[in-house]
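**Student:** For reference, this is protein32.txt, and it has compact mmCIF, C-alpha atoms.
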```txt
# COMPACT_ATOMS: atom_id res chain seq x y z
CA MET M 8 2.49 2.78 -14.15
CA ALA M 9 4.51 1.64 -17.13
CA LYS M 10 2.68 -0.18 -19.91
CA ARG M 11 2.76 -3.94 -19.40
CA ASN M 12 4.59 -5.73 -22.19
CA LEU M 13 2.85 -9.10 -21.99
CA PRO M 14 2.22 -11.97 -24.42
CA SER M 15 -1.37 -12.75 -25.33
CA LEU M 16 -3.63 -13.91 -22.51
CA LYS M 17 -4.67 -16.96 -24.54
CA SER M 18 -1.09 -18.16 -24.87
CA LEU M 19 -0.40 -17.62 -21.16
CA GLN M 20 -3.60 -19.47 -20.25
CA ALA M 21 -2.73 -22.37 -22.54
CA PHE M 22 0.77 -22.63 -21.07
CA GLU M 23 -0.48 -22.46 -17.46
CA ALA M 24 -3.01 -25.24 -18.02
CA ALA M 25 -0.50 -27.44 -19.85
CA ALA M 26 2.15 -26.83 -17.16
CA ARG M 27 -0.31 -27.58 -14.35
CA HIS M 28 -1.37 -30.88 -15.89
CA LEU M 29 1.89 -31.64 -17.73
CA SER M 30 -0.38 -32.62 -20.58
CA PHE M 31 -1.47 -30.75 -23.69
CA ARG M 32 -4.44 -33.12 -24.05
CA VAL M 33 -5.81 -32.48 -20.54
CA ALA M 34 -5.20 -28.73 -20.93
CA ALA M 35 -7.17 -28.81 -24.18
CA GLU M 36 -10.10 -30.56 -22.46
CA GLU M 37 -10.06 -28.03 -19.61
CA LEU M 38 -10.08 -25.03 -21.94
CA SER M 39 -12.47 -26.58 -24.49
CA LEU M 40 -9.85 -26.34 -27.25
CA THR M 41 -8.16 -28.85 -29.50
CA GLN M 42 -4.79 -30.27 -28.58
CA SER M 43 -3.28 -28.68 -31.67
CA ALA M 44 -4.65 -25.28 -30.58
CA ILE M 45 -2.90 -25.65 -27.21
CA SER M 46 0.31 -26.65 -28.98
CA HIS M 47 -0.01 -23.65 -31.31
CA GLN M 48 -0.56 -21.21 -28.43
CA VAL M 49 2.41 -22.59 -26.48
CA ALA M 50 4.63 -22.49 -29.56
CA GLY M 51 3.66 -18.85 -30.10
CA LEU M 52 4.53 -18.06 -26.48
CA GLU M 53 7.89 -19.80 -26.81
CA GLU M 54 8.62 -17.79 -29.94
CA ARG M 55 7.61 -14.58 -28.19
CA LEU M 56 9.90 -15.34 -25.24
CA GLY M 57 12.70 -16.76 -27.36
CA THR M 58 13.06 -19.94 -25.33
CA SER M 59 11.56 -23.41 -25.00
CA LEU M 60 9.11 -23.91 -22.15
CA PHE M 61 8.53 -27.65 -22.54
CA ARG M 62 10.60 -30.69 -23.42
CA ARG M 63 8.37 -32.83 -25.57
CA ALA M 64 8.56 -36.63 -25.47
CA ALA M 65 6.41 -39.23 -27.20
CA ARG M 66 3.60 -39.34 -24.63
CA ARG M 67 4.45 -36.66 -22.11
CA VAL M 68 5.89 -33.21 -21.66
CA GLU M 69 8.21 -31.75 -19.03
CA LEU M 70 8.90 -28.16 -18.08
CA THR M 71 12.24 -26.71 -19.04
CA GLU M 72 14.08 -24.51 -16.58
CA ALA M 73 12.48 -21.44 -18.18
CA GLY M 74 9.04 -23.08 -18.03
CA ALA M 75 9.50 -23.99 -14.36
CA GLN M 76 10.43 -20.37 -13.60
CA LEU M 77 7.41 -18.94 -15.41
CA TYR M 78 4.74 -21.37 -14.23
CA PRO M 79 4.42 -20.31 -10.53
CA TYR M 80 3.86 -16.68 -11.51
CA LEU M 81 1.12 -17.57 -13.97
CA ARG M 82 -0.49 -20.06 -11.56
CA ASP M 83 -0.67 -17.42 -8.82
CA GLY M 84 -1.82 -14.78 -11.28
CA PHE M 85 -4.70 -16.89 -12.60
CA ASP M 86 -5.64 -17.86 -9.04
CA ARG M 87 -5.91 -14.17 -8.17
CA LEU M 88 -7.97 -13.53 -11.28
CA ALA M 89 -10.31 -16.35 -10.27
CA GLN M 90 -10.66 -14.84 -6.80
CA GLY M 91 -11.56 -11.45 -8.21
CA VAL M 92 -14.10 -12.84 -10.68
CA GLY M 93 -15.58 -15.07 -7.98
CA LEU M 94 -15.91 -12.11 -5.64
CA VAL M 95 -17.75 -10.01 -8.23
CA ASP M 96 -20.02 -12.93 -9.10
CA ARG M 97 -20.85 -13.55 -5.46
CA VAL M 98 -21.63 -9.92 -4.76
CA ARG M 99 -23.74 -9.74 -7.93
CA ILE M 100 -25.72 -12.86 -7.09
CA SER M 101 -26.07 -12.11 -3.40
CA GLY M 102 -25.46 -9.02 -1.33
CA ASP M 103 -24.87 -11.21 1.72
CA LEU M 104 -21.81 -10.85 3.93
CA VAL M 105 -20.49 -14.41 3.99
CA VAL M 106 -18.70 -15.31 7.23
CA GLN M 107 -16.85 -18.61 7.43
CA VAL M 108 -16.93 -20.00 10.96
CA TYR M 109 -16.50 -23.26 12.84
CA VAL M 110 -19.86 -24.84 13.54
CA THR M 111 -19.23 -24.98 17.31
CA VAL M 112 -18.46 -21.26 17.49
CA ALA M 113 -21.53 -20.51 15.39
CA VAL M 114 -23.90 -22.57 17.54
CA ARG M 115 -22.43 -21.87 20.98
CA TRP M 116 -21.36 -18.23 20.73
CA LEU M 117 -22.09 -16.34 17.53
CA LEU M 118 -25.72 -17.24 16.79
CA PRO M 119 -27.13 -16.09 20.16
CA ARG M 120 -25.66 -12.64 19.48
CA LEU M 121 -25.98 -12.26 15.72
CA HIS M 122 -29.50 -10.80 15.87
CA GLN M 123 -28.01 -7.76 17.61
CA PHE M 124 -25.76 -7.06 14.64
CA GLN M 125 -28.64 -7.54 12.21
CA ALA M 126 -30.82 -5.16 14.22
CA SER M 127 -28.21 -2.40 14.11
CA HIS M 128 -27.22 -3.08 10.46
CA PRO M 129 -30.40 -4.21 8.68
CA ASP M 130 -28.83 -3.47 5.29
CA ILE M 131 -26.07 -6.08 5.82
CA LEU M 132 -27.37 -9.62 5.55
CA VAL M 133 -24.97 -12.04 7.23
CA ARG M 134 -24.73 -15.57 5.86
CA LEU M 135 -22.80 -18.11 7.89
CA SER M 136 -20.74 -20.76 6.13
CA THR M 137 -19.91 -23.40 8.74
CA SER M 138 -17.50 -26.31 8.96
CA GLN M 139 -16.67 -28.74 11.73
CA LEU M 140 -13.15 -29.43 10.49
CA ASP M 141 -9.99 -27.33 10.57
CA TRP M 142 -9.77 -25.01 7.60
CA GLU M 143 -8.00 -21.95 6.28
CA PHE M 144 -9.93 -18.87 5.20
CA ASP M 145 -10.96 -19.15 1.54
CA PRO M 146 -11.57 -15.70 0.01
CA THR M 147 -13.18 -17.27 -3.08
CA THR M 148 -16.15 -18.48 -1.03
CA GLY M 149 -16.31 -16.08 1.92
CA ASP M 150 -15.88 -12.42 2.79
CA LEU M 151 -14.63 -12.99 6.33
CA GLY M 152 -13.34 -15.99 8.25
CA LEU M 153 -13.43 -16.47 12.02
CA ILE M 154 -10.55 -18.89 12.38
CA CYS M 155 -8.37 -20.50 15.02
CA THR M 156 -4.70 -20.97 14.21
CA ARG M 157 -1.32 -21.17 15.90
CA THR M 158 0.39 -19.31 13.05
CA PRO M 159 -1.67 -16.90 10.95
CA HIS M 160 -0.44 -17.07 7.39
CA GLY M 161 -1.70 -16.77 3.86
CA PRO M 162 -0.60 -14.52 1.01
CA GLY M 163 -2.73 -11.43 0.69
CA ILE M 164 -4.74 -12.22 3.85
CA HIS M 165 -5.22 -9.70 6.67
CA TYR M 166 -5.64 -11.12 10.19
CA THR M 167 -7.25 -9.24 13.08
CA HIS M 168 -6.41 -10.86 16.42
CA LEU M 169 -9.64 -11.34 18.36
CA PHE M 170 -8.78 -13.28 21.50
CA ASP M 171 -6.89 -16.08 23.15
CA ALA M 172 -8.81 -18.77 25.00
CA LYS M 173 -8.40 -20.93 28.08
CA LEU M 174 -8.84 -24.69 27.99
CA VAL M 175 -10.97 -26.18 30.75
CA ALA M 176 -11.97 -29.73 31.65
CA VAL M 177 -15.74 -30.10 31.93
CA CYS M 178 -18.22 -32.83 32.74
CA ALA M 179 -21.83 -33.29 33.82
CA PRO M 180 -22.58 -32.91 37.55
CA SER M 181 -23.62 -36.57 37.60
CA VAL M 182 -20.04 -37.61 36.80
CA LEU M 183 -18.83 -35.94 40.01
CA GLN M 184 -21.57 -37.64 42.02
CA ALA M 185 -21.01 -41.14 40.61
CA GLY M 186 -19.38 -43.89 42.65
CA LEU M 187 -15.87 -43.38 41.26
CA GLY M 188 -15.98 -39.64 41.75
CA LEU M 189 -13.60 -37.08 40.32
CA ARG M 190 -11.77 -35.19 43.03
CA GLN M 191 -8.28 -34.95 41.55
CA PRO M 192 -6.87 -35.14 38.00
CA ALA M 193 -5.30 -38.59 38.57
CA GLU M 194 -8.82 -40.01 38.89
CA LEU M 195 -9.45 -39.22 35.22
CA VAL M 196 -7.99 -42.69 34.63
CA ASN M 197 -11.40 -44.03 35.71
CA HIS M 198 -13.33 -41.90 33.22
CA ALA M 199 -13.76 -41.55 29.49
CA MET M 200 -11.63 -38.64 28.26
CA LEU M 201 -13.67 -37.29 25.35
CA GLN M 202 -11.39 -36.23 22.52
CA VAL M 203 -11.77 -33.95 19.53
CA TYR M 204 -9.45 -35.63 17.07
CA THR M 205 -8.93 -32.42 15.10
CA ALA M 206 -7.58 -30.83 18.31
CA ALA M 207 -5.75 -33.78 19.90
CA GLU M 208 -3.17 -31.43 21.44
CA ASP M 209 -5.79 -29.96 23.82
CA TRP M 210 -5.81 -32.94 26.18
CA HIS M 211 -2.03 -33.20 25.97
CA ASP M 212 -1.60 -29.55 26.98
CA TRP M 213 -4.13 -29.82 29.80
CA LEU M 214 -2.66 -33.03 31.23
CA GLU M 215 0.83 -31.58 31.07
CA ALA M 216 -0.34 -28.58 33.10
CA ALA M 217 -1.88 -31.01 35.58
CA GLY M 218 1.44 -32.84 35.89
CA LEU M 219 0.08 -36.03 34.30
CA PRO M 220 1.29 -35.95 30.69
CA SER M 221 0.98 -39.73 30.17
CA LEU M 222 -2.40 -40.32 31.80
CA LYS M 223 -4.89 -42.39 29.79
CA GLY M 224 -8.58 -42.65 30.55
CA ARG M 225 -11.11 -45.30 29.56
CA ALA M 226 -11.86 -45.97 25.90
CA ALA M 227 -14.16 -43.30 24.48
CA PRO M 228 -15.47 -42.13 21.12
CA LYS M 229 -13.52 -39.45 19.28
CA PHE M 230 -15.32 -36.50 17.73
CA ASP M 231 -14.66 -34.22 14.79
CA SER M 232 -15.95 -31.10 16.54
CA TYR M 233 -16.05 -29.49 19.97
CA LEU M 234 -19.83 -29.33 19.57
CA LEU M 235 -20.19 -33.12 19.71
CA ALA M 236 -17.67 -33.52 22.52
CA ILE M 237 -19.52 -30.91 24.59
CA GLU M 238 -22.87 -32.61 24.03
CA ALA M 239 -21.36 -35.96 25.02
CA ALA M 240 -20.06 -34.37 28.22
CA VAL M 241 -23.50 -32.88 28.96
CA GLU M 242 -24.97 -36.36 28.58
CA GLY M 243 -22.57 -37.68 31.23
CA GLN M 244 -20.48 -39.75 28.85
CA GLY M 245 -17.13 -38.48 30.10
CA VAL M 246 -14.87 -35.47 30.55
CA ALA M 247 -14.01 -33.06 27.72
CA VAL M 248 -11.30 -30.43 27.42
CA VAL M 249 -12.59 -27.44 25.43
CA PRO M 250 -12.09 -23.68 25.07
CA GLU M 251 -13.87 -22.09 28.02
CA PHE M 252 -15.91 -19.58 26.00
CA MET M 253 -17.71 -22.44 24.24
CA VAL M 254 -19.14 -23.75 27.52
CA ALA M 255 -19.52 -20.53 29.52
CA THR M 256 -23.32 -20.69 29.38
CA ASP M 257 -23.36 -24.36 30.39
CA LEU M 258 -21.05 -23.70 33.35
CA LYS M 259 -23.21 -20.79 34.47
CA SER M 260 -26.42 -22.83 34.24
CA GLY M 261 -24.91 -25.89 35.91
CA ARG M 262 -25.36 -28.23 32.95
CA LEU M 263 -21.59 -28.66 33.07
CA VAL M 264 -19.06 -28.24 35.86
CA ASN M 265 -15.33 -27.63 35.92
CA PRO M 266 -13.98 -29.98 38.60
CA PHE M 267 -10.45 -28.58 38.40
CA ARG M 268 -10.74 -24.81 38.53
CA GLU M 269 -7.16 -24.48 39.73
CA ILE M 270 -5.84 -25.82 36.42
CA GLU M 271 -5.85 -23.12 33.76
CA VAL M 272 -4.27 -23.73 30.39
CA ARG M 273 -3.91 -21.25 27.59
CA HIS M 274 -5.15 -22.66 24.30
CA GLY M 275 -2.18 -23.13 21.99
CA ALA M 276 -3.93 -21.39 19.08
CA SER M 277 -5.41 -17.90 18.88
CA TRP M 278 -8.57 -16.66 17.21
CA TYR M 279 -8.55 -14.22 14.29
CA LEU M 280 -10.89 -12.57 11.83
CA ALA M 281 -9.44 -12.97 8.34
CA CYS M 282 -10.17 -11.23 5.05
CA LEU M 283 -8.38 -10.17 1.89
CA GLU M 284 -5.98 -7.29 2.56
CA GLU M 285 -7.55 -5.13 -0.13
CA ARG M 286 -10.99 -5.51 1.47
CA VAL M 287 -10.06 -4.56 5.04
CA LYS M 288 -11.56 -1.06 4.75
CA GLU M 289 -14.83 -2.01 3.08
CA PRO M 290 -17.58 -0.49 5.26
CA ARG M 291 -19.57 -3.68 5.80
CA MET M 292 -16.39 -5.53 6.76
CA GLN M 293 -15.49 -2.80 9.24
CA HIS M 294 -18.98 -2.77 10.72
CA PHE M 295 -18.93 -6.52 11.37
CA ARG M 296 -15.35 -6.44 12.69
CA ASP M 297 -16.09 -3.55 15.07
CA TRP M 298 -19.24 -5.26 16.34
CA LEU M 299 -17.43 -8.58 16.85
CA VAL M 300 -14.54 -6.96 18.74
CA ALA M 301 -17.01 -5.08 20.98
CA GLU M 302 -18.96 -8.27 21.76
CA ILE M 303 -15.78 -10.10 22.70
CA ALA M 304 -14.59 -7.21 24.89
CA LYS M 305 -17.74 -7.26 27.01
CA ASP M 306 -18.04 -11.05 27.34
CA PRO M 307 -16.72 -12.28 30.75
CA ALA M 308 -15.77 -15.60 29.13
CA PHE M 309 -12.81 -13.89 27.48
CA GLN M 310 -11.55 -11.99 30.50
CA ASN M 311 -8.02 -12.95 31.51
CA ALA M 312 -7.97 -15.71 28.89
CA SER M 313 -4.38 -14.83 28.02
CA SER M 314 -3.09 -15.01 31.57
```
Turn this file's structure into structure tokens for me.
**Tutor:**
Amino acid sequence: MAKRNLPSLKSLQAFEAAARHLSFRVAAEELSLTQSAISHQVAGLEERLGTSLFRRAARRVELTEAGAQLYPYLRDGFDRLAQGVGLVDRVRISGDLVVQVYVTVAVRWLLPRLHQFQASHPDILVRLSTSQLDWEFDPTTGDLGLICTRTPHGPGIHYTHLFDAKLVAVCAPSVLQAGLGLRQPAELVNHAMLQVYTAAEDWHDWLEAAGLPSLKGRAAPKFDSYLLAIEAAVEGQGVAVVPEFMVATDLKSGRLVNPFREIEVRHGASWYLACLEERVKEPRMQHFRDWLVAEIAKDPAFQNASS
């Protein structure tokens, strides 16, 4: 590799902070320097490059065309540096394998199985980082991310497709036995249709498959996770549409029922295991990935989910 002919790191860092904030004063506060030191570093960089990077006004600065061209490269470069330093710090402080996962998936599928992985890999301590909201994998805070997305994307991120899921409508047996009953989809108008507001498209997709795209049920609370919607359904508070694998145990035990087995809808998003591309072949990553793929392959809840 040819020797890199770069300006000083201090001058690049000063420019990146000033460009990000469009303020020498705020950049100075961030880097614990004086405003004149920031100005000196930027001036040295401009001299080194032979062009102006900022247009200076009385109380503000603006990027020149050259500055606007340079800034995105430095921003991305410093972000990558922060990721690398954060990774080393995390590994130094804790040898845990941090897996980011939705709280519903953790509670309703992963946790009941995780002890098997720990038993076969006692040297790899798994730490779950859960969220109930939609999120993208963050390599600065996790090693792996079990995510659901319609379009996997992210610079430098490797995605392993795990499975597709089916959406099913579920309710407590008592809802079927109540006076209004629930024999056909049109009768949902008499029931509370429990919604996960972070996945509002689920009900839309299911109703469209049922031929009732405009149907509205009774007023009902909206939830920020499948976990809460499922629990509300178990308590007989209405009907929820959820990925089938999340309620497979409840359907088997009879805590929940699927009154419309003939209606099968493929979930619009797919599930992936994400990690940084350069970490794909790390042994502990491979061990967890292989175990996860094997667990999914033998789980009946995922059979024919893509059909």
**Student:** Could you pull the residues within 12 Å of Leu60 in chain M, counting all atoms listed in the file, minus those fewer than 6 positions along the same chain, as a list in words?
**Tutor:** Leu19, Ala21, Phe22, Glu23, Ala25, Ala26, Leu29, Ser46, Gln48, Val49, Ala50, Gly51, Leu52, Glu53, Glu54, Val68, Glu69, Leu70, Thr71, Glu72, Ala73, Gly74, Ala75, Gln76, Leu77 and Tyr78 of chain M
**Student:** Compute the distance from (-12.8, -16.9, 26.4) to each atom, counting only C-alpha atoms, keep the residues with any atom at most 6 Å away, and return them as a list of chain:residue names; use the coordinates of the file.
**Tutor:**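 Neighbouring residues, ordered by chain and number, come to M:Ala172, M:Glu251, M:Phe252, M:Ala308, M:Phe309, M:Ala312.
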**Student:** So that I can see what lies close to range 275-289 of chain M, please list as a PyMOL selection string the residues with an atom at most 9 Å from it, counting all atoms listed in the file and leaving out residues fewer than 6 positions away in the same chain.
**Tutor:** chain M and resi 144-146+149-159+162-173+208-209+212+296
**Student:** Please produce a file of the residues just selected, as an mmCIF file, in the coordinates of the input, where the atoms kept are C-alpha atoms.
**Tutor:**
```
data_model
loop_
_atom_site.group_PDB
_atom_site.id
_atom_site.type_symbol
_atom_site.label_atom_id
_atom_site.label_comp_id
_atom_site.auth_asym_id
_atom_site.auth_seq_id
_atom_site.Cartn_x
_atom_site.Cartn_y
_atom_site.Cartn_z
ATOM 1 C CA PHE M 144 -9.930 -18.870 5.200
ATOM 2 C CA ASP M 145 -10.960 -19.150 1.540
ATOM 3 C CA PRO M 146 -11.570 -15.700 0.010
ATOM 4 C CA GLY M 149 -16.310 -16.080 1.920
ATOM 5 C CA ASP M 150 -15.880 -12.420 2.790
ATOM 6 C CA LEU M 151 -14.630 -12.990 6.330
ATOM 7 C CA GLY M 152 -13.340 -15.990 8.250
ATOM 8 C CA LEU M 153 -13.430 -16.470 12.020
ATOM 9 C CA ILE M 154 -10.550 -18.890 12.380
ATOM 10 C CA CYS M 155 -8.370 -20.500 15.020
ATOM 11 C CA THR M 156 -4.700 -20.970 14.210
ATOM 12 C CA ARG M 157 -1.320 -21.170 15.900
ATOM 13 C CA THR M 158 0.390 -19.310 13.050
ATOM 14 C CA PRO M 159 -1.670 -16.900 10.950
ATOM 15 C CA PRO M 162 -0.600 -14.520 1.010
ATOM 16 C CA GLY M 163 -2.730 -11.430 0.690
ATOM 17 C CA ILE M 164 -4.740 -12.220 3.850
ATOM 18 C CA HIS M 165 -5.220 -9.700 6.670
ATOM 19 C CA TYR M 166 -5.640 -11.120 10.190
ATOM 20 C CA THR M 167 -7.250 -9.240 13.080
ATOM 21 C CA HIS M 168 -6.410 -10.860 16.420
ATOM 22 C CA LEU M 169 -9.640 -11.340 18.360
ATOM 23 C CA PHE M 170 -8.780 -13.280 21.500
ATOM 24 C CA ASP M 171 -6.890 -16.080 23.150
ATOM 25 C CA ALA M 172 -8.810 -18.770 25.000
ATOM 26 C CA LYS M 173 -8.400 -20.930 28.080
ATOM 27 C CA GLU M 208 -3.170 -31.430 21.440
ATOM 28 C CA ASP M 209 -5.790 -29.960 23.820
ATOM 29 C CA ASP M 212 -1.600 -29.550 26.980
ATOM 30 C CA ARG M 296 -15.350 -6.440 12.690
#
```
**Student:** As JSON, numbers by chain, please: the residues near Gln123 in chain M (cut-off 10 Å, all atoms listed in the file, same-chain neighbours under 6 positions excluded).
**Tutor:** {"M": [129, 298, 302]}
**Student:** Measuring atom to atom with only C-alpha atoms, identify which of M:Leu201, M:Leu222, M:Cys178, M:Val272 is nearest to Glu242 in chain M.
**Tutor:**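 For Glu242 in chain M, the nearest of the candidates is M:Cys178.
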**Student:** Quote the spacing between CA of Ala247 in chain M and CA of Gly188 in chain M in Å to one decimal place.
**Tutor:** 15.6 Å
**Student:** Select, from M:Ala34, M:Met292, M:Ala239, M:Leu13, the residue with the minimum atom-to-atom distance to Leu56 in chain M, counting all atoms listed in the file.
**Tutor:**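 Looking at the shortest contact to Leu56 in chain M, the residue is M:Leu13.
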**Student:** Have a look at CA of Asp257 in chain M and CA of Tyr204 in chain M and let me know their distance in Å, one decimal.
**Tutor:**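 Rounded to one decimal, the two atoms are 22.3 Å apart.
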**Student:** Could you work out how far CA of Ile303 in chain M lies from CA of Leu118 in chain M, giving the answer in Å with one decimal?
**Tutor:**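 We find that CA of Leu118 in chain M and CA of Ile303 in chain M lie 13.6 Å from each other.
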**Student:** Pick out the closest residue to Ala206 in chain M from this set: M:Ala193, M:Leu88, M:Val182, M:Val249. Count all atoms listed in the file.
**Tutor:**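 With all atoms listed in the file as the atom set, the closest residue is M:Val249.
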**Student:** Which residues are near Ala240 in chain M? Cut-off 9 Å, all atoms listed in the file, ignore same chain within fewer than 3 positions. Put them as a list of chain:residue names.
**Tutor:**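 Here the answer would be M:Val177, M:Cys178, M:Ala179, M:Leu201, M:Leu235, M:Ala236, M:Ile237, M:Gly243, M:Gln244, M:Gly245, M:Val246, M:Ala247, M:Leu263.
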